[in-house]
Structures are given as structure tokens and as C-alpha cells.
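Engineer: Okay, here's the structure, questions in a sec.
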Amino acid sequence: PTMAEVARRSLATLRPPPRLKLSDWIEREMRLPEGVSSLPGRVRLWPHQREIADAITDPELERVSIVKPVRVGFTTLLSGAIASFVANEPSPILALLPTEADCRDYMVSDLEPIFEAMPDVGALLSGDLDEGGRNTLLSRRFPGGSLKVVAAKSPRNLRRHNVRVLLCDEVDAMEPTAEGSPLALAERRTLSFANRKIIVGSTPTIEETSNVLRAYARSAQRVFEVPCPSCGACTE
């Protein structure tokens, strides 16, 4: 080969691989261990889950608001999104859950087992204390970013953080505090980032006070429709 061809091939080896959609990355990299899922092993997403996953990492979208029923895999998608940001887009990440007990249960029962099943991500988010003693159960540092899991009932914990990625689960269980809406407080922590990402999801409760329905009303209000197997008409 000519010198130009040698140079072209050499430079081609330095080109990073193409960025995968989050849905493709989850199916390629994510494993669900026993105890986390009734179907442990490699993740296979349903069509509605793929749409949600790809919206989460779409650079054109700042906010994603999901109104959902129970047990549709939203929490697993959030775990996959966290793992993807850690591995591919290191950033300050904040996961907001209703209570401290929810935070601890999510980290111990979901995130840590999933991280352990993904060695590359698990190594980055080791729960071992570093030399400075900065890592705790609900606060982890990794190269280029950090992960904090915070309870909505503890508004003081929200003041100290500036985050690019905010992921909020079961927001209709989050009640106003003496300092106002925990969701509003959490969103203010993202103002420093032009490329911020805010993900909100919940099963709605009371329509008049629903946090997720208010967020959904400010969105494009997309609906996932499923064709009837008998007549072919689509329904929500």
C-alpha cells in the first residue's frame, strides 16, 4: 500500500466507534442479575421501552416526561441510563426519589446488582471508600462525573449539587416541603448546564395535584399506541 493508504488506515484505528442509541447500548451491555428481574440475563426491550430510552439520550430533547402504569420497566430504563452516562458521557448525575428508604432500596436492590453484572461500569462506581473517604452508599464519584441518589423529603441535600443529568422516579409521591416543590428545587440544580437533561416519570395519582401530569402537559404529549389484534385500530 502507498504511504497515504497506510496513513489513512492508521488514522481510522483512532476514530471512536459510532455512538449507539441508548436502547441499542442497553441491549448490548446491560445484564439483569437474579433477584432484580424474574428474567435475569441480557436485556431485551419492548418497543415502548426503546422509544423512552432513545428519547432520554436524544441531544435534541432537554426534558422527557413519562406518564406510566406500574411495572413497565421504567426504573430499569433509569438504571440503564445512569450506566450509559457513566460509561459514555461522564457527567454530574442526580437521581431523585421520594424518601430516604426509597434511595437506599434503589441503590442496594437495583443499581449495585446491575453495576456488578456490568464489570466496566461497576469498576467505575465501586462502593469502596477512596483515600479521601468521599464515596458513600448514595454518593459515588467516577472519572469525569458523580452520582448522587437523593430523597425529595430532604431539600437541604439538593442545595449543594450542580448536576447535568436529573432523573426523577415516582414524582407523584413527592410532596411539597417547607422550601417548596422538591422537583423545582432539583431542576434549579441543572441551570449551570446548557446541555442539561431532565427525566421525570411516575404513575399518576390525584389529577389536580399530579406532578407528572403537569410535566406531561408541558411536553409534546406523545402517546404510545398499540394496534388491536382483531380490528387493527390503535388504542393507548
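By convention in this document, the chains of the C-alpha cells carry letters A, B, ... by their order, each chain's residues are numbered from 1, and ligands are numbered from 1 in the order they are shown.
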Skipping near chain neighbours, those fewer than 6 positions away, what residues fall within 10 Å of stretch 54-64 of chain A using only C-alpha atoms, listed as a list of chain:residue names?
Structural biologist: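 Listed by chain and then number, they are A:Leu20, A:Lys21, A:Leu22, A:Ser23, A:Asp24, A:Trp25, A:Leu77, A:Leu78, A:Ala81, A:Ser84, A:Phe85, A:Glu89, A:Val165, A:Leu166, A:Leu167, A:Ala194, A:Asn195, A:Arg196, A:Lys197, A:Ile198, A:Ile199, A:Val200, A:Gly201, A:Ala215, A:Tyr216, A:Arg218, A:Ser219, A:Ala220.
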Engineer: Write a file of the just-selected residues containing C-alpha atoms, as a short mmCIF file (atom, residue, chain, number, x, y, z; two decimals), in the first residue's frame.
Structural biologist:
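Writing the result to again_16.cif gives the following:
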data_model
loop_
_atom_site.label_atom_id
_atom_site.label_comp_id
_atom_site.auth_asym_id
_atom_site.auth_seq_id
_atom_site.Cartn_x
_atom_site.Cartn_y
_atom_site.Cartn_z
CA LEU A 20 -25.15 3.90 19.95
CA LYS A 21 -28.71 4.83 20.77
CA LEU A 22 -29.44 4.17 24.42
CA SER A 23 -31.80 1.32 23.53
CA ASP A 24 -29.06 -0.40 21.50
CA TRP A 25 -26.45 0.21 24.22
CA LEU A 77 -34.51 2.14 31.99
CA LEU A 78 -33.33 4.74 34.52
CA ALA A 81 -29.47 5.45 31.50
CA SER A 84 -24.73 4.70 29.96
CA PHE A 85 -23.98 8.23 31.17
CA GLU A 89 -20.99 10.73 28.85
CA VAL A 165 -28.48 14.88 34.40
CA LEU A 166 -31.54 14.77 36.66
CA LEU A 167 -33.58 11.55 36.84
CA ALA A 194 -26.68 24.23 28.62
CA ASN A 195 -26.96 20.53 27.69
CA ARG A 196 -28.89 19.52 30.79
CA LYS A 197 -31.21 16.51 30.76
CA ILE A 198 -34.31 16.22 32.98
CA ILE A 199 -36.17 12.90 33.11
CA VAL A 200 -39.45 12.71 35.07
CA GLY A 201 -41.64 9.63 35.40
CA ALA A 215 -44.86 17.88 33.42
CA TYR A 216 -46.57 15.89 30.67
CA ARG A 218 -45.84 20.95 29.12
CA SER A 219 -44.45 18.30 26.76
CA ALA A 220 -45.24 17.25 23.18
#
Engineer: Please report, as JSON, numbers by chain, each residue of stretch 62-116 of chain A to which DSSP assigns strand (DSSP E) when run on this structure's backbone.
Structural biologist: {"A": [63, 64, 65, 66, 67, 92, 93, 94, 95, 96, 97]}
Engineer: When distances are computed from only C-alpha atoms, which of A:Ile114, A:Cys168, A:Val6, A:Arg159 shows the smallest separation from A:Arg42?
Structural biologist: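 Of all the options, A:Ile114 lies closest to A:Arg42.
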Engineer: So which residues of stretch 108-213 of chain A fall under alpha helix (DSSP H) by DSSP, listed as an MDAnalysis selection string?
Structural biologist: chainID A and resid 112:116 119:124 156:159 182:188 211:213
Engineer: Could you please take those selected residues and save N, CA, C and O atoms as an mmCIF file, in the first residue's frame?
Structural biologist:
data_model
loop_
_atom_site.group_PDB
_atom_site.id
_atom_site.type_symbol
_atom_site.label_atom_id
_atom_site.label_comp_id
_atom_site.auth_asym_id
_atom_site.auth_seq_id
_atom_site.Cartn_x
_atom_site.Cartn_y
_atom_site.Cartn_z
ATOM 1 N N GLU A 112 -26.719 -1.360 42.500
ATOM 2 C CA GLU A 112 -25.491 -2.099 42.809
ATOM 3 C C GLU A 112 -25.461 -3.479 42.151
ATOM 4 O O GLU A 112 -24.438 -3.851 41.551
ATOM 5 N N PRO A 113 -26.549 -4.286 42.203
ATOM 6 C CA PRO A 113 -26.513 -5.569 41.490
ATOM 7 C C PRO A 113 -26.326 -5.410 39.983
ATOM 8 O O PRO A 113 -25.609 -6.194 39.359
ATOM 9 N N ILE A 114 -26.959 -4.389 39.389
ATOM 10 C CA ILE A 114 -26.800 -4.170 37.949
ATOM 11 C C ILE A 114 -25.376 -3.749 37.629
ATOM 12 O O ILE A 114 -24.770 -4.216 36.656
ATOM 13 N N PHE A 115 -24.796 -2.880 38.449
ATOM 14 C CA PHE A 115 -23.406 -2.465 38.241
ATOM 15 C C PHE A 115 -22.464 -3.658 38.336
ATOM 16 O O PHE A 115 -21.520 -3.797 37.557
ATOM 17 N N GLU A 116 -22.708 -4.534 39.301
ATOM 18 C CA GLU A 116 -21.843 -5.701 39.467
ATOM 19 C C GLU A 116 -21.937 -6.640 38.272
ATOM 20 O O GLU A 116 -20.975 -7.343 37.954
ATOM 21 N N PRO A 119 -19.198 -5.307 34.569
ATOM 22 C CA PRO A 119 -17.906 -5.061 35.204
ATOM 23 C C PRO A 119 -17.290 -3.708 34.880
ATOM 24 O O PRO A 119 -16.714 -3.056 35.764
ATOM 25 N N ASP A 120 -17.394 -3.257 33.631
ATOM 26 C CA ASP A 120 -16.769 -1.989 33.265
ATOM 27 C C ASP A 120 -17.401 -0.823 34.025
ATOM 28 O O ASP A 120 -16.691 0.052 34.537
ATOM 29 N N VAL A 121 -18.728 -0.809 34.109
ATOM 30 C CA VAL A 121 -19.411 0.251 34.849
ATOM 31 C C VAL A 121 -19.228 0.056 36.340
ATOM 32 O O VAL A 121 -19.004 1.016 37.089
ATOM 33 N N GLY A 122 -19.301 -1.191 36.801
ATOM 34 C CA GLY A 122 -19.147 -1.466 38.228
ATOM 35 C C GLY A 122 -17.808 -1.012 38.761
ATOM 36 O O GLY A 122 -17.711 -0.515 39.890
ATOM 37 N N ALA A 123 -16.759 -1.145 37.960
ATOM 38 C CA ALA A 123 -15.441 -0.704 38.394
ATOM 39 C C ALA A 123 -15.384 0.803 38.571
ATOM 40 O O ALA A 123 -14.706 1.317 39.465
ATOM 41 N N LEU A 124 -16.130 1.525 37.717
ATOM 42 C CA LEU A 124 -16.138 2.977 37.820
ATOM 43 C C LEU A 124 -16.920 3.455 39.038
ATOM 44 O O LEU A 124 -16.633 4.507 39.602
ATOM 45 N N ARG A 156 -32.523 20.015 51.907
ATOM 46 C CA ARG A 156 -31.173 20.523 52.151
ATOM 47 C C ARG A 156 -30.149 19.806 51.282
ATOM 48 O O ARG A 156 -29.142 20.399 50.879
ATOM 49 N N ASN A 157 -30.386 18.516 51.005
ATOM 50 C CA ASN A 157 -29.436 17.747 50.200
ATOM 51 C C ASN A 157 -29.378 18.240 48.757
ATOM 52 O O ASN A 157 -28.413 17.942 48.048
ATOM 53 N N LEU A 158 -30.420 18.968 48.318
ATOM 54 C CA LEU A 158 -30.456 19.427 46.936
ATOM 55 C C LEU A 158 -29.647 20.704 46.725
ATOM 56 O O LEU A 158 -29.227 20.997 45.609
ATOM 57 N N ARG A 159 -29.437 21.469 47.777
ATOM 58 C CA ARG A 159 -28.794 22.770 47.632
ATOM 59 C C ARG A 159 -27.349 22.666 47.177
ATOM 60 O O ARG A 159 -26.846 23.528 46.478
ATOM 61 N N PRO A 182 -39.938 19.903 45.742
ATOM 62 C CA PRO A 182 -38.611 19.292 45.575
ATOM 63 C C PRO A 182 -38.214 19.161 44.118
ATOM 64 O O PRO A 182 -37.028 19.230 43.781
ATOM 65 N N LEU A 183 -39.205 18.993 43.226
ATOM 66 C CA LEU A 183 -38.893 18.919 41.800
ATOM 67 C C LEU A 183 -38.336 20.246 41.300
ATOM 68 O O LEU A 183 -37.359 20.279 40.542
ATOM 69 N N ALA A 184 -38.965 21.352 41.703
ATOM 70 C CA ALA A 184 -38.477 22.669 41.287
ATOM 71 C C ALA A 184 -37.079 22.919 41.851
ATOM 72 O O ALA A 184 -36.203 23.457 41.156
ATOM 73 N N LEU A 185 -36.852 22.531 43.101
ATOM 74 C CA LEU A 185 -35.528 22.694 43.706
ATOM 75 C C LEU A 185 -34.486 21.883 42.945
ATOM 76 O O LEU A 185 -33.371 22.361 42.693
ATOM 77 N N ALA A 186 -34.854 20.653 42.584
ATOM 78 C CA ALA A 186 -33.906 19.792 41.870
ATOM 79 C C ALA A 186 -33.604 20.347 40.480
ATOM 80 O O ALA A 186 -32.445 20.331 40.033
ATOM 81 N N GLU A 187 -34.629 20.853 39.799
ATOM 82 C CA GLU A 187 -34.409 21.382 38.459
ATOM 83 C C GLU A 187 -33.482 22.601 38.479
ATOM 84 O O GLU A 187 -32.718 22.821 37.535
ATOM 85 N N ARG A 188 -33.532 23.386 39.546
ATOM 86 C CA ARG A 188 -32.635 24.547 39.631
ATOM 87 C C ARG A 188 -31.174 24.128 39.689
ATOM 88 O O ARG A 188 -30.295 24.904 39.333
ATOM 89 N N ASN A 211 -47.738 15.738 39.884
ATOM 90 C CA ASN A 211 -46.511 16.333 39.346
ATOM 91 C C ASN A 211 -46.240 15.858 37.924
ATOM 92 O O ASN A 211 -45.838 16.631 37.059
ATOM 93 N N VAL A 212 -46.451 14.560 37.671
ATOM 94 C CA VAL A 212 -46.109 14.028 36.356
ATOM 95 C C VAL A 212 -47.098 14.499 35.289
ATOM 96 O O VAL A 212 -46.707 14.745 34.131
ATOM 97 N N LEU A 213 -48.363 14.672 35.654
ATOM 98 C CA LEU A 213 -49.331 15.162 34.671
ATOM 99 C C LEU A 213 -49.053 16.615 34.306
ATOM 100 O O LEU A 213 -49.242 17.022 33.153
#
Engineer: So that I can check the surroundings of A:Glu100, please list as an MDAnalysis selection string every protein, DNA and RNA residue that reaches within 12 Å of it, counting only C-alpha atoms and ignoring chain neighbours fewer than 5 positions away.
Structural biologist: chainID A and resid 95 105:107 137:138 149:155 157 174
Engineer: How about saving the chosen residues, N, CA and C atoms kept, as a short mmCIF file (atom, residue, chain, number, x, y, z; two decimals), in the first residue's frame?
Structural biologist:
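As a result, selection.cif now contains:
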data_model
loop_
_atom_site.label_atom_id
_atom_site.label_comp_id
_atom_site.auth_asym_id
_atom_site.auth_seq_id
_atom_site.Cartn_x
_atom_site.Cartn_y
_atom_site.Cartn_z
N ALA A 95 -30.12 11.37 40.97
CA ALA A 95 -31.36 10.59 40.94
C ALA A 95 -32.20 11.01 42.13
N ASP A 105 -33.04 1.58 49.09
CA ASP A 105 -33.53 0.35 48.46
C ASP A 105 -33.15 0.32 46.98
N TYR A 106 -33.25 1.46 46.30
CA TYR A 106 -32.91 1.52 44.88
C TYR A 106 -31.43 1.22 44.66
N MET A 107 -30.59 1.80 45.49
CA MET A 107 -29.15 1.57 45.33
C MET A 107 -28.79 0.12 45.65
N LEU A 137 -22.77 5.14 50.29
CA LEU A 137 -23.77 4.32 49.62
C LEU A 137 -24.53 5.12 48.56
N LEU A 138 -24.87 6.37 48.87
CA LEU A 138 -25.72 7.16 47.98
C LEU A 138 -24.97 8.26 47.25
N VAL A 149 -27.79 9.90 44.83
CA VAL A 149 -29.19 9.48 44.95
C VAL A 149 -29.76 10.19 46.17
N VAL A 150 -30.75 11.06 45.95
CA VAL A 150 -31.21 11.99 46.98
C VAL A 150 -32.71 11.84 47.19
N ALA A 151 -33.13 12.00 48.45
CA ALA A 151 -34.55 11.91 48.79
C ALA A 151 -35.22 13.28 48.65
N ALA A 152 -36.41 13.29 48.07
CA ALA A 152 -37.15 14.54 47.89
C ALA A 152 -37.56 15.14 49.22
N LYS A 153 -37.65 14.32 50.27
CA LYS A 153 -38.03 14.82 51.58
C LYS A 153 -36.89 15.51 52.30
N SER A 154 -35.71 15.55 51.70
CA SER A 154 -34.55 16.20 52.32
C SER A 154 -34.07 17.33 51.42
N PRO A 155 -34.79 18.46 51.38
CA PRO A 155 -34.44 19.53 50.45
C PRO A 155 -33.04 20.10 50.68
N ASN A 157 -30.39 18.52 51.00
CA ASN A 157 -29.44 17.75 50.20
C ASN A 157 -29.38 18.24 48.76
N MET A 174 -43.90 12.64 45.67
CA MET A 174 -43.07 13.70 46.25
C MET A 174 -43.96 14.86 46.67
#
Engineer: Could you pull the residues within 8 Å of A:Leu32, counting only C-alpha atoms, minus those fewer than 2 positions along the same chain, as a list in words?
Structural biologist: Met30, Glu34, Val36, Ser37, Leu39, Pro40, Gly41, Arg42, Val43, Pro113, Ile114 and Ala117 of chain A
Engineer: Could you work out how far atom CA of A:Ala173 lies from atom CA of A:Ala101, giving the answer in Å with one decimal?
Structural biologist: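 Calculated distance between atom CA of A:Ala101 and atom CA of A:Ala173 is 13.0 Å.
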Engineer: If you measure from atom CA of A:Leu111 to atom CA of A:Val86, what distance in Å do you get, rounded to one decimal?
Structural biologist: 12.4 Å
Engineer: Provide the atom CA of A:Ile26 to atom CA of A:Pro229 distance in Å, to one decimal place.
Structural biologist: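 One can read the atom CA of A:Ile26 to atom CA of A:Pro229 distance as 28.8 Å.
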Engineer: Using only C-alpha atoms, which protein or nucleic acid residues come within 10 Å of A:Ser192? Drop anything in the same chain fewer than 6 positions from it, and give the result as JSON, numbers by chain.
Structural biologist: {"A": [162, 163, 164]}
Engineer: May I have the selected residues written with all heavy atoms, as a PDB file, in the first residue's frame?
Structural biologist:
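File produced: part.pdb:
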ATOM      1  N   ASN A 162     -24.683  20.725  41.798  1.00  0.00           N
ATOM      2  CA  ASN A 162     -24.923  21.193  40.439  1.00  0.00           C
ATOM      3  C   ASN A 162     -24.804  19.969  39.541  1.00  0.00           C
ATOM      4  O   ASN A 162     -23.771  19.300  39.534  1.00  0.00           O
ATOM      5  CB  ASN A 162     -23.908  22.261  40.034  1.00  0.00           C
ATOM      6  CG  ASN A 162     -24.165  23.574  40.738  1.00  0.00           C
ATOM      7  OD1 ASN A 162     -25.292  24.047  40.792  1.00  0.00           O
ATOM      8  ND2 ASN A 162     -23.125  24.167  41.299  1.00  0.00           N
ATOM      9  N   VAL A 163     -25.854  19.672  38.796  1.00  0.00           N
ATOM     10  CA  VAL A 163     -25.881  18.432  38.032  1.00  0.00           C
ATOM     11  C   VAL A 163     -26.306  18.715  36.595  1.00  0.00           C
ATOM     12  O   VAL A 163     -27.046  19.662  36.312  1.00  0.00           O
ATOM     13  CB  VAL A 163     -26.835  17.390  38.668  1.00  0.00           C
ATOM     14  CG1 VAL A 163     -26.360  17.027  40.054  1.00  0.00           C
ATOM     15  CG2 VAL A 163     -28.270  17.893  38.702  1.00  0.00           C
ATOM     16  N   ARG A 164     -25.823  17.877  35.705  1.00  0.00           N
ATOM     17  CA  ARG A 164     -26.236  17.972  34.309  1.00  0.00           C
ATOM     18  C   ARG A 164     -27.425  17.055  34.022  1.00  0.00           C
ATOM     19  O   ARG A 164     -28.308  17.383  33.236  1.00  0.00           O
ATOM     20  CB  ARG A 164     -25.078  17.584  33.393  1.00  0.00           C
ATOM     21  CG  ARG A 164     -25.469  17.668  31.922  1.00  0.00           C
ATOM     22  CD  ARG A 164     -24.521  16.955  31.001  1.00  0.00           C
ATOM     23  NE  ARG A 164     -25.228  16.605  29.776  1.00  0.00           N
ATOM     24  CZ  ARG A 164     -25.017  15.523  29.075  1.00  0.00           C
ATOM     25  NH1 ARG A 164     -24.107  14.651  29.454  1.00  0.00           N
ATOM     26  NH2 ARG A 164     -25.716  15.293  27.979  1.00  0.00           N
TER      27      ARG A 164
END
Engineer: Nearest to A:Val226: which of A:Pro33, A:Pro1, A:Pro47, A:Gly73 is it, counting only C-alpha atoms?
Structural biologist: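 Of A:Pro33, A:Pro1, A:Pro47, A:Gly73, the one nearest A:Val226, counting only C-alpha atoms, is A:Pro47.
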Engineer: Pick the closest to A:Arg141 from A:Cys103, A:Pro92, A:Ser109, A:Pro176: which is it, counting only C-alpha atoms?
Structural biologist: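 The closest residue to A:Arg141 is A:Pro92.
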